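Structure file my_file-v3.cif (mmCIF, C-alpha atoms, pLDDT in the B column; chains and numbers go by the auth columns) is printed below.
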data_data
loop_
_atom_site.group_PDB
_atom_site.id
_atom_site.type_symbol
_atom_site.label_atom_id
_atom_site.label_comp_id
_atom_site.label_asym_id
_atom_site.label_seq_id
_atom_site.Cartn_x
_atom_site.Cartn_y
_atom_site.Cartn_z
_atom_site.B_iso_or_equiv
_atom_site.auth_seq_id
_atom_site.auth_asym_id
ATOM 1 C CA MET A 1 0.000 0.000 0.000 48.00 1 A
ATOM 2 C CA GLN A 2 1.313 3.426 -0.868 50.00 2 A
ATOM 3 C CA PRO A 3 1.454 6.175 1.679 50.00 3 A
ATOM 4 C CA SER A 4 -1.178 8.826 1.159 48.00 4 A
ATOM 5 C CA ALA A 5 -0.123 12.166 -0.111 51.00 5 A
ATOM 6 C CA GLY A 6 -0.433 14.932 2.374 49.00 6 A
ATOM 7 C CA PRO A 7 -0.665 14.966 6.115 50.00 7 A
ATOM 8 C CA ALA A 8 -2.024 11.969 8.085 51.00 8 A
ATOM 9 C CA LEU A 9 -5.651 12.352 9.087 46.00 9 A
ATOM 10 C CA PRO A 10 -6.329 12.109 12.812 52.00 10 A
ATOM 11 C CA HIS A 11 -9.122 9.506 12.462 50.00 11 A
ATOM 12 C CA THR A 12 -6.896 7.035 10.598 50.00 12 A
ATOM 13 C CA HIS A 13 -4.638 6.314 13.588 53.00 13 A
ATOM 14 C CA SER A 14 -5.783 3.487 15.767 54.00 14 A
ATOM 15 C CA ARG A 15 -5.202 3.843 19.456 56.00 15 A
ATOM 16 C CA ALA A 16 -5.761 1.516 22.384 54.00 16 A
ATOM 17 C CA VAL A 17 -8.971 3.319 23.284 50.00 17 A
ATOM 18 C CA HIS A 18 -10.395 2.477 19.838 47.00 18 A
ATOM 19 C CA TRP A 19 -9.632 -1.240 20.266 46.00 19 A
ATOM 20 C CA ILE A 20 -11.089 -1.334 23.770 52.00 20 A
ATOM 21 C CA THR A 21 -14.250 0.444 22.600 50.00 21 A
ATOM 22 C CA THR A 22 -14.644 -1.981 19.676 48.00 22 A
ATOM 23 C CA ALA A 23 -14.088 -5.026 21.916 46.00 23 A
ATOM 24 C CA LEU A 24 -16.670 -3.777 24.422 46.00 24 A
ATOM 25 C CA ALA A 25 -19.213 -3.156 21.657 46.00 25 A
ATOM 26 C CA VAL A 26 -18.719 -6.655 20.215 45.00 26 A
ATOM 27 C CA ALA A 27 -18.962 -8.238 23.676 46.00 27 A
ATOM 28 C CA ALA A 28 -22.192 -6.336 24.391 46.00 28 A
ATOM 29 C CA LEU A 29 -23.662 -7.479 21.068 41.00 29 A
ATOM 30 C CA VAL A 30 -22.746 -11.151 21.683 42.00 30 A
ATOM 31 C CA GLY A 31 -24.128 -10.994 25.236 45.00 31 A
ATOM 32 C CA ALA A 32 -27.395 -9.410 24.090 41.00 32 A
ATOM 33 C CA THR A 33 -27.806 -12.038 21.350 40.00 33 A
ATOM 34 C CA ALA A 34 -27.335 -14.850 23.857 41.00 34 A
ATOM 35 C CA LEU A 35 -29.954 -13.388 26.199 42.00 35 A
ATOM 36 C CA VAL A 36 -32.598 -12.546 23.605 45.00 36 A
ATOM 37 C CA GLN A 37 -34.372 -15.692 22.356 42.00 37 A
ATOM 38 C CA PRO A 38 -37.825 -16.436 20.975 41.00 38 A
ATOM 39 C CA ALA A 39 -40.492 -17.028 23.617 42.00 39 A
ATOM 40 C CA ASP A 40 -40.891 -20.694 22.605 38.00 40 A
ATOM 41 C CA ALA A 41 -37.165 -21.510 22.578 40.00 41 A
ATOM 42 C CA THR A 42 -35.968 -24.211 24.962 38.00 42 A
ATOM 43 C CA PRO A 43 -32.404 -25.146 25.764 39.00 43 A
ATOM 44 C CA LYS A 44 -31.348 -28.446 24.221 35.00 44 A
ATOM 45 C CA ALA A 45 -30.455 -29.913 27.606 34.00 45 A
ATOM 46 C CA ALA A 46 -34.027 -29.321 28.815 35.00 46 A
ATOM 47 C CA ALA A 47 -35.678 -30.792 25.706 37.00 47 A
ATOM 48 C CA ARG A 48 -35.552 -34.380 27.032 38.00 48 A
ATOM 49 C CA PRO A 49 -34.996 -34.602 30.779 40.00 49 A
ATOM 50 C CA ALA A 50 -33.649 -37.842 32.193 47.00 50 A
ATOM 51 C CA THR A 51 -36.406 -37.862 34.785 49.00 51 A
ATOM 52 C CA PRO A 52 -39.604 -35.840 34.825 51.00 52 A
ATOM 53 C CA SER A 53 -39.765 -32.929 37.220 56.00 53 A
ATOM 54 C CA GLY A 54 -42.743 -32.160 39.362 59.00 54 A
ATOM 55 C CA PRO A 55 -45.239 -34.575 40.843 66.00 55 A
ATOM 56 C CA PRO A 56 -45.228 -38.199 39.664 75.00 56 A
ATOM 57 C CA VAL A 57 -47.284 -38.883 36.550 81.00 57 A
ATOM 58 C CA ALA A 58 -50.158 -41.346 36.999 89.00 58 A
ATOM 59 C CA ALA A 59 -50.142 -44.484 34.879 94.00 59 A
ATOM 60 C CA PRO A 60 -52.799 -44.645 32.133 95.00 60 A
ATOM 61 C CA ASN A 61 -56.117 -45.964 33.428 96.00 61 A
ATOM 62 C CA ALA A 62 -56.818 -49.333 31.777 96.00 62 A
ATOM 63 C CA ASN A 63 -60.564 -48.923 32.313 95.00 63 A
ATOM 64 C CA ALA A 64 -60.677 -45.540 30.534 95.00 64 A
ATOM 65 C CA ALA A 65 -59.154 -46.658 27.210 95.00 65 A
ATOM 66 C CA HIS A 66 -61.079 -47.541 24.044 95.00 66 A
ATOM 67 C CA TYR A 67 -60.050 -50.967 22.712 96.00 67 A
ATOM 68 C CA PRO A 68 -60.432 -52.160 19.111 94.00 68 A
ATOM 69 C CA LEU A 69 -62.524 -55.222 20.009 93.00 69 A
ATOM 70 C CA THR A 70 -65.654 -56.250 18.157 90.00 70 A
ATOM 71 C CA CYS A 71 -67.972 -57.461 20.886 91.00 71 A
ATOM 72 C CA ALA A 72 -71.605 -58.468 20.474 89.00 72 A
ATOM 73 C CA PRO A 73 -74.148 -55.666 20.889 90.00 73 A
ATOM 74 C CA GLY A 74 -74.556 -54.789 24.556 89.00 74 A
ATOM 75 C CA VAL A 75 -71.411 -56.683 25.583 91.00 75 A
ATOM 76 C CA LYS A 76 -68.741 -54.630 27.287 93.00 76 A
ATOM 77 C CA VAL A 77 -64.974 -55.006 27.133 94.00 77 A
ATOM 78 C CA ASP A 78 -63.573 -56.760 30.183 95.00 78 A
ATOM 79 C CA VAL A 79 -60.185 -55.626 31.539 96.00 79 A
ATOM 80 C CA VAL A 80 -58.837 -59.004 32.681 96.00 80 A
ATOM 81 C CA SER A 81 -55.481 -57.817 34.019 97.00 81 A
ATOM 82 C CA HIS A 82 -53.136 -54.844 33.862 97.00 82 A
ATOM 83 C CA VAL A 83 -49.681 -53.773 35.059 97.00 83 A
ATOM 84 C CA SER A 84 -48.023 -50.362 35.014 96.00 84 A
ATOM 85 C CA ALA A 85 -44.385 -49.238 34.885 95.00 85 A
ATOM 86 C CA ASP A 86 -42.060 -47.099 32.783 95.00 86 A
ATOM 87 C CA LEU A 87 -41.737 -49.726 30.067 95.00 87 A
ATOM 88 C CA ASP A 88 -39.911 -47.639 27.447 94.00 88 A
ATOM 89 C CA GLY A 89 -37.554 -45.652 29.700 92.00 89 A
ATOM 90 C CA ASP A 90 -39.007 -42.217 28.908 92.00 90 A
ATOM 91 C CA GLY A 91 -39.649 -41.338 32.559 91.00 91 A
ATOM 92 C CA ARG A 92 -43.450 -41.770 32.262 93.00 92 A
ATOM 93 C CA PRO A 93 -45.408 -44.911 33.158 95.00 93 A
ATOM 94 C CA GLU A 94 -47.240 -47.006 30.587 96.00 94 A
ATOM 95 C CA THR A 95 -49.936 -49.588 31.298 97.00 95 A
ATOM 96 C CA ALA A 96 -49.928 -53.045 29.716 97.00 96 A
ATOM 97 C CA VAL A 97 -53.387 -54.566 29.718 98.00 97 A
ATOM 98 C CA VAL A 98 -55.174 -57.823 28.827 98.00 98 A
ATOM 99 C CA VAL A 99 -58.736 -57.328 27.566 97.00 99 A
ATOM 100 C CA ARG A 100 -61.479 -59.414 25.987 96.00 100 A
ATOM 101 C CA CYS A 101 -65.203 -59.225 25.400 94.00 101 A
ATOM 102 C CA ASP A 102 -67.089 -59.954 28.593 92.00 102 A
ATOM 103 C CA SER A 103 -68.726 -63.370 28.511 84.00 103 A
ATOM 104 C CA GLU A 104 -70.712 -65.420 30.992 80.00 104 A
ATOM 105 C CA THR A 105 -69.875 -68.570 29.043 76.00 105 A
ATOM 106 C CA GLY A 106 -66.952 -69.526 26.840 74.00 106 A
ATOM 107 C CA THR A 107 -63.544 -67.953 26.595 82.00 107 A
ATOM 108 C CA PRO A 108 -63.383 -65.185 24.008 90.00 108 A
ATOM 109 C CA PRO A 109 -59.961 -64.315 22.561 93.00 109 A
ATOM 110 C CA SER A 110 -57.818 -61.805 24.423 96.00 110 A
ATOM 111 C CA GLY A 111 -55.867 -58.790 23.280 97.00 111 A
ATOM 112 C CA VAL A 112 -52.760 -57.374 24.957 98.00 112 A
ATOM 113 C CA TYR A 113 -52.097 -53.660 24.539 97.00 113 A
ATOM 114 C CA VAL A 114 -49.686 -51.059 25.887 97.00 114 A
ATOM 115 C CA LEU A 115 -51.348 -47.774 26.808 97.00 115 A
ATOM 116 C CA SER A 116 -49.656 -44.382 26.912 95.00 116 A
ATOM 117 C CA ALA A 117 -50.848 -41.115 28.430 92.00 117 A
ATOM 118 C CA PRO A 118 -53.853 -39.346 26.872 88.00 118 A
ATOM 119 C CA ALA A 119 -53.205 -36.799 24.137 82.00 119 A
ATOM 120 C CA HIS A 120 -54.858 -34.122 26.308 85.00 120 A
ATOM 121 C CA PRO A 121 -55.750 -33.925 30.009 82.00 121 A
ATOM 122 C CA GLY A 122 -58.952 -35.768 30.799 83.00 122 A
ATOM 123 C CA GLY A 123 -58.830 -37.770 27.560 88.00 123 A
ATOM 124 C CA ALA A 124 -58.719 -41.534 27.140 93.00 124 A
ATOM 125 C CA PRO A 125 -55.319 -43.254 27.196 96.00 125 A
ATOM 126 C CA LYS A 126 -53.904 -44.056 23.754 95.00 126 A
ATOM 127 C CA ILE A 127 -53.045 -47.534 22.541 96.00 127 A
ATOM 128 C CA ALA A 128 -49.330 -47.254 21.862 95.00 128 A
ATOM 129 C CA VAL A 129 -48.890 -50.789 20.551 96.00 129 A
ATOM 130 C CA THR A 130 -50.712 -54.109 20.221 97.00 130 A
ATOM 131 C CA LEU A 131 -48.711 -57.004 21.661 97.00 131 A
ATOM 132 C CA VAL A 132 -51.334 -59.719 21.042 97.00 132 A
ATOM 133 C CA ASP A 133 -54.148 -59.097 18.557 96.00 133 A
ATOM 134 C CA PRO A 134 -57.525 -60.646 19.484 95.00 134 A
ATOM 135 C CA LYS A 135 -57.892 -61.650 15.822 94.00 135 A
ATOM 136 C CA ASP A 136 -55.118 -64.207 16.440 94.00 136 A
ATOM 137 C CA ASP A 137 -57.555 -66.134 18.700 93.00 137 A
ATOM 138 C CA ARG A 138 -55.258 -66.377 21.736 95.00 138 A
ATOM 139 C CA GLN A 139 -55.897 -66.496 25.455 95.00 139 A
ATOM 140 C CA ILE A 140 -53.580 -65.040 28.071 96.00 140 A
ATOM 141 C CA SER A 141 -52.610 -66.388 31.486 95.00 141 A
ATOM 142 C CA ASP A 142 -49.926 -65.619 34.056 96.00 142 A
ATOM 143 C CA PHE A 143 -49.771 -61.962 32.955 97.00 143 A
ATOM 144 C CA ARG A 144 -47.164 -60.060 34.988 97.00 144 A
ATOM 145 C CA LEU A 145 -44.441 -57.454 35.115 95.00 145 A
ATOM 146 C CA ASP A 146 -40.776 -58.324 35.651 94.00 146 A
ATOM 147 C CA GLY A 147 -38.881 -55.054 36.099 91.00 147 A
ATOM 148 C CA ASP A 148 -39.690 -53.107 32.939 90.00 148 A
ATOM 149 C CA THR A 149 -40.646 -56.125 30.833 94.00 149 A
ATOM 150 C CA VAL A 150 -44.084 -57.645 30.331 97.00 150 A
ATOM 151 C CA LYS A 151 -44.433 -61.426 30.592 97.00 151 A
ATOM 152 C CA ALA A 152 -47.329 -63.770 29.908 97.00 152 A
ATOM 153 C CA THR A 153 -48.253 -67.271 28.871 96.00 153 A
ATOM 154 C CA VAL A 154 -50.035 -67.228 25.522 96.00 154 A
ATOM 155 C CA LEU A 155 -52.496 -70.065 24.945 95.00 155 A
ATOM 156 C CA GLY A 156 -53.628 -71.136 21.491 94.00 156 A
ATOM 157 C CA PHE A 157 -55.107 -73.882 19.395 92.00 157 A
ATOM 158 C CA SER A 158 -53.393 -76.439 17.182 91.00 158 A
ATOM 159 C CA SER A 159 -56.347 -76.486 14.756 91.00 159 A
ATOM 160 C CA ASP A 160 -59.861 -75.142 14.208 88.00 160 A
ATOM 161 C CA ASP A 161 -61.199 -78.483 15.463 91.00 161 A
ATOM 162 C CA VAL A 162 -60.032 -77.797 19.027 89.00 162 A
ATOM 163 C CA ALA A 163 -62.847 -76.477 21.217 87.00 163 A
ATOM 164 C CA ARG A 164 -62.411 -72.771 22.053 81.00 164 A
ATOM 165 C CA CYS A 165 -62.829 -73.560 25.729 83.00 165 A
ATOM 166 C CA CYS A 166 -59.729 -75.694 25.861 88.00 166 A
ATOM 167 C CA PRO A 167 -56.543 -74.344 24.244 91.00 167 A
ATOM 168 C CA ASP A 168 -54.034 -77.095 23.566 91.00 168 A
ATOM 169 C CA MET A 169 -50.919 -75.021 22.859 94.00 169 A
ATOM 170 C CA LYS A 170 -48.960 -72.658 25.109 94.00 170 A
ATOM 171 C CA ARG A 171 -45.857 -70.514 24.933 95.00 171 A
ATOM 172 C CA THR A 172 -44.376 -67.984 27.313 96.00 172 A
ATOM 173 C CA TYR A 173 -43.583 -64.533 25.939 96.00 173 A
ATOM 174 C CA THR A 174 -41.554 -61.601 27.164 96.00 174 A
ATOM 175 C CA TRP A 175 -41.968 -58.164 25.607 97.00 175 A
ATOM 176 C CA GLU A 176 -39.058 -55.730 26.006 95.00 176 A
ATOM 177 C CA TRP A 177 -38.532 -52.161 24.828 94.00 177 A
ATOM 178 C CA ARG A 178 -35.473 -52.085 22.559 93.00 178 A
ATOM 179 C CA GLY A 179 -34.455 -48.841 20.914 90.00 179 A
ATOM 180 C CA ASP A 180 -37.759 -47.564 19.569 91.00 180 A
ATOM 181 C CA ARG A 181 -40.155 -50.526 19.756 93.00 181 A
ATOM 182 C CA TYR A 182 -41.344 -53.511 21.769 94.00 182 A
ATOM 183 C CA VAL A 183 -39.720 -56.807 20.854 95.00 183 A
ATOM 184 C CA ALA A 184 -41.477 -60.122 21.503 95.00 184 A
ATOM 185 C CA LEU A 185 -39.178 -62.805 22.877 95.00 185 A
ATOM 186 C CA PRO A 186 -40.960 -66.159 22.698 93.00 186 A
ATOM 187 C CA GLY A 187 -40.035 -69.078 24.920 91.00 187 A
ATOM 188 C CA PRO A 188 -40.092 -72.645 23.651 86.00 188 A
ATOM 189 C CA ALA A 189 -43.410 -73.887 22.295 78.00 189 A
ATOM 190 C CA ALA A 190 -45.212 -76.418 24.424 74.00 190 A
ATOM 191 C CA GLY A 191 -47.824 -78.954 23.391 64.00 191 A
ATOM 192 C CA ALA A 192 -50.919 -79.818 25.304 55.00 192 A
ATOM 193 C CA VAL A 193 -51.806 -77.471 28.129 54.00 193 A
#
Represent the supplied structure as structure tokens.
Amino acid sequence: MQPSAGPALPHTHSRAVHWITTALAVAALVGATALVQPADATPKAAARPATPSGPPVAAPNANAAHYPLTCAPGVKVDVVSHVSADLDGDGRPETAVVVRCDSETGTPPSGVYVLSAPAHPGGAPKIAVTLVDPKDDRQISDFRLDGDTVKATVLGFSSDDVARCCPDMKRTYTWEWRGDRYVALPGPAAGAV
């Protein structure tokens, strides 16, 4: 760069006071930017807490859910059994439930569902997943919770000729949350019940 012709202008000389003033202005701008955020902004660390804060969350009510069963007119859904725990590790309890159409005689097929919290306060719990579909014509016994896994004995029929009162096949199942879904872990198949 060539020197300018004529005398040096006073505003072209940088002094320590200029650098300090510039540094303070930049620091004030950075600080103000960090403090001013949109009203709906949340820090990333608070987006998914390890444990929920505040009072404990109640488990979904098994009797308040709507189940996809096709029962005869006037026949209600019977909640046979249910267990509640934080099954998927998200800090909120889920409820695993065995249901079937209520019957004075016979043994209608059972369904096993996992319920999660209602979409809005006061609403019905949501069915998060179906573990055993009633359409598969199964019956459930020994339904229980072991830590955060659901266990049951699933009873079935070797053929359509077997009376629905008397399942002749059984297998134990464990359902575990792995990653982003429930995984069914069947035990060995057994013959006659």
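For the atom pair formed by atom CA of A:Arg144 and atom CA of A:Ser110, the distance is 15.1 Å, given to one decimal.
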**Report entry** Result set of the PyMOL selection byres ((chain A and resi 158) around 12) on the coordinates above, as a ChimeraX atom specification
**Finding:** /A:137-138,155-157,159-164,166-170,189-193
**Hits of the PyMOL selection byres ((chain A and resi 172) around 9) in this structure, as number ranges by chain** = A: 151-155, 170-171, 173-174, 185-190
Practice prompt. For atom CA of A:Pro93 and atom CA of A:Ala59, quote the distance in Å rounded to one decimal.
Written response: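 Atom CA of A:Ala59 lies 5.1 Å from atom CA of A:Pro93.
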All residues 10 Å or closer to A:Ala64, all atoms listed in the file, same chain fewer than 4 positions away omitted, as a ChimeraX atom specification:
/A:60,118,122-126
Would you pick out the contacts of A:Tyr67 at 9 Å or less, using all atoms listed in the file, so that residues sharing its chain but fewer than 3 positions from it are not included, and give the list as number ranges by chain? A: 70, 77, 99, 111, 113, 127
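The space separating atom CA of A:Ser116 from atom CA of A:Thr95 comes to 6.8 Å.
Minimum distance to A:Ala96 across A:Cys165, A:Val83, A:Ile140, A:Leu131 (counting only C-alpha atoms) occurs at A:Val83.
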Open item on the list: As a check of understanding, name the residues that the PyMOL selection byres ((chain A and resi 102) around 12) selects in the supplied structure, as a PyMOL selection string.
Closed with: chain A and resi 69-80+99-101+103-110
Which residue out of A:Arg181, A:His82, A:Arg92, A:His120 has the minimum interatomic distance to A:Asp142 when only C-alpha atoms are used?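 Closest residue, counting only C-alpha atoms: A:His82.
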Using all atoms listed in the file, the shortest atom-to-atom distance to A:Asp146 among A:Val57, A:Leu87, A:Ala117, A:Ala184 belongs to A:Leu87
Residue contacts of A:Tyr182 (10 Å, only C-alpha atoms) excluding same-chain residues fewer than 2 positions away, as an MDAnalysis selection string: chainID A and resid 87:88 114 129:131 149:150 174:180 184:185
Because some atoms of stretch 150-161 of chain A are absent here, can you restore N, CA, C and O atoms and send them as a tab-separated table (two decimals), in the coordinates of the input?
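This went into rebuild.tsv:
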chain	number	residue	atom	x	y	z
A	150	VAL	N	-42.78	-57.02	30.17
A	150	VAL	CA	-44.08	-57.64	30.33
A	150	VAL	C	-43.93	-59.12	29.99
A	150	VAL	O	-43.30	-59.47	29.00
A	151	LYS	N	-44.51	-59.98	30.83
A	151	LYS	CA	-44.43	-61.43	30.59
A	151	LYS	C	-45.83	-62.02	30.66
A	151	LYS	O	-46.69	-61.54	31.40
A	152	ALA	N	-46.04	-63.08	29.89
A	152	ALA	CA	-47.33	-63.77	29.91
A	152	ALA	C	-47.17	-65.14	29.28
A	152	ALA	O	-46.22	-65.41	28.54
A	153	THR	N	-48.13	-66.00	29.57
A	153	THR	CA	-48.25	-67.27	28.87
A	153	THR	C	-49.38	-67.09	27.86
A	153	THR	O	-50.48	-66.67	28.22
A	154	VAL	N	-49.07	-67.37	26.61
A	154	VAL	CA	-50.04	-67.23	25.52
A	154	VAL	C	-50.54	-68.62	25.16
A	154	VAL	O	-49.75	-69.52	24.86
A	155	LEU	N	-51.86	-68.78	25.23
A	155	LEU	CA	-52.50	-70.06	24.94
A	155	LEU	C	-53.15	-70.00	23.57
A	155	LEU	O	-53.75	-68.99	23.21
A	156	GLY	N	-53.05	-71.10	22.82
A	156	GLY	CA	-53.63	-71.14	21.49
A	156	GLY	C	-54.14	-72.51	21.14
A	156	GLY	O	-54.25	-73.40	21.99
A	157	PHE	N	-54.45	-72.67	19.87
A	157	PHE	CA	-55.11	-73.88	19.40
A	157	PHE	C	-54.32	-74.47	18.22
A	157	PHE	O	-53.90	-73.75	17.32
A	158	SER	N	-54.16	-75.78	18.24
A	158	SER	CA	-53.39	-76.44	17.18
A	158	SER	C	-54.18	-76.53	15.88
A	158	SER	O	-53.60	-76.67	14.81
A	159	SER	N	-55.51	-76.45	15.97
A	159	SER	CA	-56.35	-76.49	14.76
A	159	SER	C	-57.70	-75.88	15.07
A	159	SER	O	-58.05	-75.64	16.23
A	160	ASP	N	-58.51	-75.68	14.03
A	160	ASP	CA	-59.86	-75.14	14.21
A	160	ASP	C	-60.80	-76.17	14.84
A	160	ASP	O	-61.89	-75.83	15.28
A	161	ASP	N	-60.37	-77.43	14.89
A	161	ASP	CA	-61.20	-78.48	15.46
A	161	ASP	C	-61.15	-78.51	16.99
A	161	ASP	O	-61.99	-79.14	17.62
